[in-house]
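Chemist: Questions regarding the structure given below will be posed in turn.
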Amino acid sequence: QGLGLDGIVLVEHDIIWKEKELEDLKAKLNLNGFVVLRAQEINCNTEQGFKHGHLLTYGYFDRYNYLLPTRGIIDQVQRAGGVAVAAHPFRPRHGFGNDIYDLPLDGIEVLHPKHTSSDRELAEYARKSLNIAGIGGSDAHSNEEIGACLTYFPDWISNEEELVMAIKNRRCRPITLAEIDSYRQ
């Protein structure tokens, strides 16, 4: 909350916080209206079984079939009402690269702390070309990393359903911590 944020989405690799765990955490921390939501980052494979890239899923809380290739996981997420966002798409060994143009994605992570300026340009170009949502994510593994890259939502988001709708409707955009104040005016 000290960063001036209204909320956070806790994203874990290949697991999802249970709703009860999230409620217990919020009660323990006494967050006074600070929104805490959950999502997951899925390690995807190609149809041939090779490492493909990371997929952020919002509004999808079931166990996914890890035997499915990327496209199958995206389909599973979307049929369940969730959205699929390519995480750090142009990072070597972690992103889908140009395969994002062939995937039915709902969004793309444009801002990521480890993105180079070239990665950002490629991601933004892909976002515009595909006409999908763009987000920013900290990919924080420590408290100090929280807020490195952010997503701005012009509408208040209080639950996962609203988060999914905002991404589907492209009612969000990636920003940096330095840009927050200009969006609050």
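Chain labels run A, B, ... following the order of the structure tokens; each chain numbers its residues from 1, and ligands are numbered from 1 in the order shown.
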As an MDAnalysis selection string, which residues of region 23-177 of chain A does DSSP assign to helix (DSSP H, G or I)?
Modeler: chainID A and resid 23:29 70:79 97:102 117:130 143:145 160:168 177
Chemist: Counting only C-alpha atoms, which residues in region 26-137 of chain A sit no more than 6 Å from region 142-164 of chain A? For each one, give the nearest pair of atoms and the distance in Å, sorted by chain then residue number, as a Markdown table.
Modeler:
| residue | atom | partner | partner_atom | distance |
| --- | --- | --- | --- | --- |
| A:Gly59 | CA | A:Glu160 | CA | 5.5 |
| A:Leu111 | CA | A:Cys149 | CA | 6.0 |
| A:His112 | CA | A:Cys149 | CA | 5.8 |
| A:Ile135 | CA | A:Thr151 | CA | 5.2 |
| A:Gly136 | CA | A:Leu150 | CA | 4.5 |
| A:Gly137 | CA | A:Cys149 | CA | 4.9 |
Chemist: Restricting the calculation to only C-alpha atoms, which member of A:Gly49, A:Leu103, A:Ile16, A:Asn43 is positioned closest to Asp62 (chain A)?
Modeler: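 Selected residue with least distance to Asp62 (chain A): A:Ile16.
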Chemist: Please, what distance in Å, to one decimal, runs between CA of Phe90 (chain A) and CA of Glu124 (chain A)?
Modeler: 10.9 Å
Chemist: Ranking A:Gln40, A:Thr57, A:Asn45, A:Ser117 by minimum distance to Leu105 (chain A) and counting only C-alpha atoms, which one comes first?
Modeler: A:Thr57
Chemist: Applying 12 Å and only C-alpha atoms, which residues near Asn131 (chain A) remain after dropping the ones on its own chain fewer than 4 positions away? List them as a list of chain:residue names.
Modeler: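 Near Asn131 (chain A), the qualifying residues are A:Tyr101, A:Pro104, A:Leu105, A:Asp106, A:Gly107, A:Ile108, A:Ala123, A:Glu124, A:Tyr125, A:Ala126, A:Arg127, A:Ile167, A:Lys168, A:Asn169, A:Arg170.
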Chemist: Can I get the selection written as a CSV table (one decimal), in the first residue's frame, with all heavy atoms?
Modeler:
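Saved the output as again-v3.csv:
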chain,number,residue,atom,x,y,z
A,101,TYR,N,1.6,-14.7,-32.2
A,101,TYR,CA,0.7,-14.3,-33.3
A,101,TYR,C,-0.2,-15.5,-33.7
A,101,TYR,O,-1.2,-15.2,-34.4
A,101,TYR,CB,1.6,-13.9,-34.5
A,101,TYR,CG,2.3,-12.5,-34.2
A,101,TYR,CD1,3.6,-12.5,-33.8
A,101,TYR,CD2,1.6,-11.3,-34.3
A,101,TYR,CE1,4.2,-11.3,-33.6
A,101,TYR,CE2,2.2,-10.1,-34.1
A,101,TYR,CZ,3.5,-10.1,-33.7
A,101,TYR,OH,4.1,-8.9,-33.5
A,104,PRO,N,-4.6,-17.9,-29.5
A,104,PRO,CA,-5.8,-17.1,-29.2
A,104,PRO,C,-5.7,-16.4,-27.9
A,104,PRO,O,-6.5,-16.7,-27.0
A,104,PRO,CB,-6.9,-18.1,-29.3
A,104,PRO,CG,-6.2,-19.4,-28.8
A,104,PRO,CD,-4.8,-19.3,-29.3
A,105,LEU,N,-4.8,-15.5,-27.7
A,105,LEU,CA,-4.6,-14.8,-26.4
A,105,LEU,C,-5.5,-13.7,-26.2
A,105,LEU,O,-6.1,-13.1,-27.1
A,105,LEU,CB,-3.1,-14.3,-26.4
A,105,LEU,CG,-2.0,-15.3,-26.4
A,105,LEU,CD1,-0.7,-14.6,-26.8
A,105,LEU,CD2,-1.9,-16.0,-25.1
A,106,ASP,N,-5.8,-13.4,-24.9
A,106,ASP,CA,-6.6,-12.3,-24.5
A,106,ASP,C,-5.7,-11.0,-24.2
A,106,ASP,O,-6.2,-9.9,-24.2
A,106,ASP,CB,-7.4,-12.6,-23.2
A,106,ASP,CG,-8.3,-13.8,-23.5
A,106,ASP,OD1,-9.3,-13.6,-24.3
A,106,ASP,OD2,-8.1,-14.9,-22.9
A,107,GLY,N,-4.5,-11.3,-23.9
A,107,GLY,CA,-3.6,-10.2,-23.6
A,107,GLY,C,-2.1,-10.6,-23.7
A,107,GLY,O,-1.8,-11.7,-23.9
A,108,ILE,N,-1.3,-9.5,-23.5
A,108,ILE,CA,0.2,-9.7,-23.6
A,108,ILE,C,0.8,-8.8,-22.5
A,108,ILE,O,0.4,-7.7,-22.3
A,108,ILE,CB,0.7,-9.4,-25.0
A,108,ILE,CG1,2.2,-9.7,-25.1
A,108,ILE,CG2,0.4,-8.0,-25.4
A,108,ILE,CD1,2.6,-9.7,-26.6
A,123,ALA,N,6.6,-6.5,-27.9
A,123,ALA,CA,5.4,-6.8,-27.2
A,123,ALA,C,4.3,-5.8,-27.5
A,123,ALA,O,3.2,-6.1,-27.7
A,123,ALA,CB,5.6,-6.9,-25.7
A,124,GLU,N,4.7,-4.5,-27.5
A,124,GLU,CA,3.7,-3.5,-27.8
A,124,GLU,C,3.2,-3.6,-29.3
A,124,GLU,O,2.0,-3.4,-29.6
A,124,GLU,CB,4.2,-2.1,-27.5
A,124,GLU,CG,3.3,-0.9,-27.8
A,124,GLU,CD,1.9,-1.0,-27.1
A,124,GLU,OE1,1.8,-1.7,-26.0
A,124,GLU,OE2,1.0,-0.3,-27.5
A,125,TYR,N,4.1,-3.9,-30.2
A,125,TYR,CA,3.7,-4.1,-31.6
A,125,TYR,C,2.8,-5.2,-31.7
A,125,TYR,O,1.8,-5.2,-32.4
A,125,TYR,CB,5.0,-4.3,-32.4
A,125,TYR,CG,4.7,-4.5,-33.9
A,125,TYR,CD1,4.4,-3.4,-34.7
A,125,TYR,CD2,4.6,-5.8,-34.4
A,125,TYR,CE1,4.1,-3.6,-36.1
A,125,TYR,CE2,4.2,-6.0,-35.7
A,125,TYR,CZ,4.0,-4.9,-36.6
A,125,TYR,OH,3.7,-5.1,-37.9
A,126,ALA,N,3.1,-6.3,-31.0
A,126,ALA,CA,2.2,-7.5,-31.1
A,126,ALA,C,0.8,-7.2,-30.5
A,126,ALA,O,-0.2,-7.6,-31.0
A,126,ALA,CB,2.9,-8.7,-30.3
A,127,ARG,N,0.8,-6.5,-29.3
A,127,ARG,CA,-0.5,-6.1,-28.7
A,127,ARG,C,-1.3,-5.3,-29.7
A,127,ARG,O,-2.5,-5.6,-29.8
A,127,ARG,CB,-0.2,-5.3,-27.4
A,127,ARG,CG,-1.5,-4.9,-26.7
A,127,ARG,CD,-1.3,-3.7,-25.8
A,127,ARG,NE,-1.1,-2.5,-26.5
A,127,ARG,CZ,-2.0,-1.8,-27.2
A,127,ARG,NH1,-3.2,-2.2,-27.3
A,127,ARG,NH2,-1.6,-0.6,-27.7
A,167,ILE,N,-9.7,-7.1,-18.7
A,167,ILE,CA,-8.7,-7.6,-19.7
A,167,ILE,C,-9.4,-7.9,-21.0
A,167,ILE,O,-8.9,-7.6,-22.1
A,167,ILE,CB,-7.9,-8.8,-19.1
A,167,ILE,CG1,-7.1,-8.3,-18.0
A,167,ILE,CG2,-7.1,-9.5,-20.2
A,167,ILE,CD1,-6.4,-9.4,-17.2
A,168,LYS,N,-10.5,-8.6,-21.0
A,168,LYS,CA,-11.3,-9.0,-22.2
A,168,LYS,C,-11.6,-7.7,-23.0
A,168,LYS,O,-11.6,-7.7,-24.2
A,168,LYS,CB,-12.6,-9.8,-21.9
A,168,LYS,CG,-12.3,-11.2,-21.6
A,168,LYS,CD,-13.7,-11.9,-21.4
A,168,LYS,CE,-13.5,-13.4,-21.1
A,168,LYS,NZ,-14.7,-14.1,-20.9
A,169,ASN,N,-12.0,-6.7,-22.3
A,169,ASN,CA,-12.5,-5.4,-22.9
A,169,ASN,C,-11.4,-4.5,-23.2
A,169,ASN,O,-11.6,-3.3,-23.6
A,169,ASN,CB,-13.6,-4.8,-22.1
A,169,ASN,CG,-14.9,-5.6,-22.1
A,169,ASN,OD1,-15.2,-6.2,-23.1
A,169,ASN,ND2,-15.5,-5.7,-20.9
A,170,ARG,N,-10.1,-4.9,-22.9
A,170,ARG,CA,-8.9,-4.0,-23.1
A,170,ARG,C,-9.1,-2.7,-22.3
A,170,ARG,O,-8.6,-1.7,-22.8
A,170,ARG,CB,-8.7,-3.8,-24.6
A,170,ARG,CG,-8.4,-5.1,-25.3
A,170,ARG,CD,-8.2,-4.9,-26.8
A,170,ARG,NE,-9.1,-4.1,-27.5
A,170,ARG,CZ,-10.3,-4.5,-28.0
A,170,ARG,NH1,-10.7,-5.7,-27.8
A,170,ARG,NH2,-11.1,-3.7,-28.7
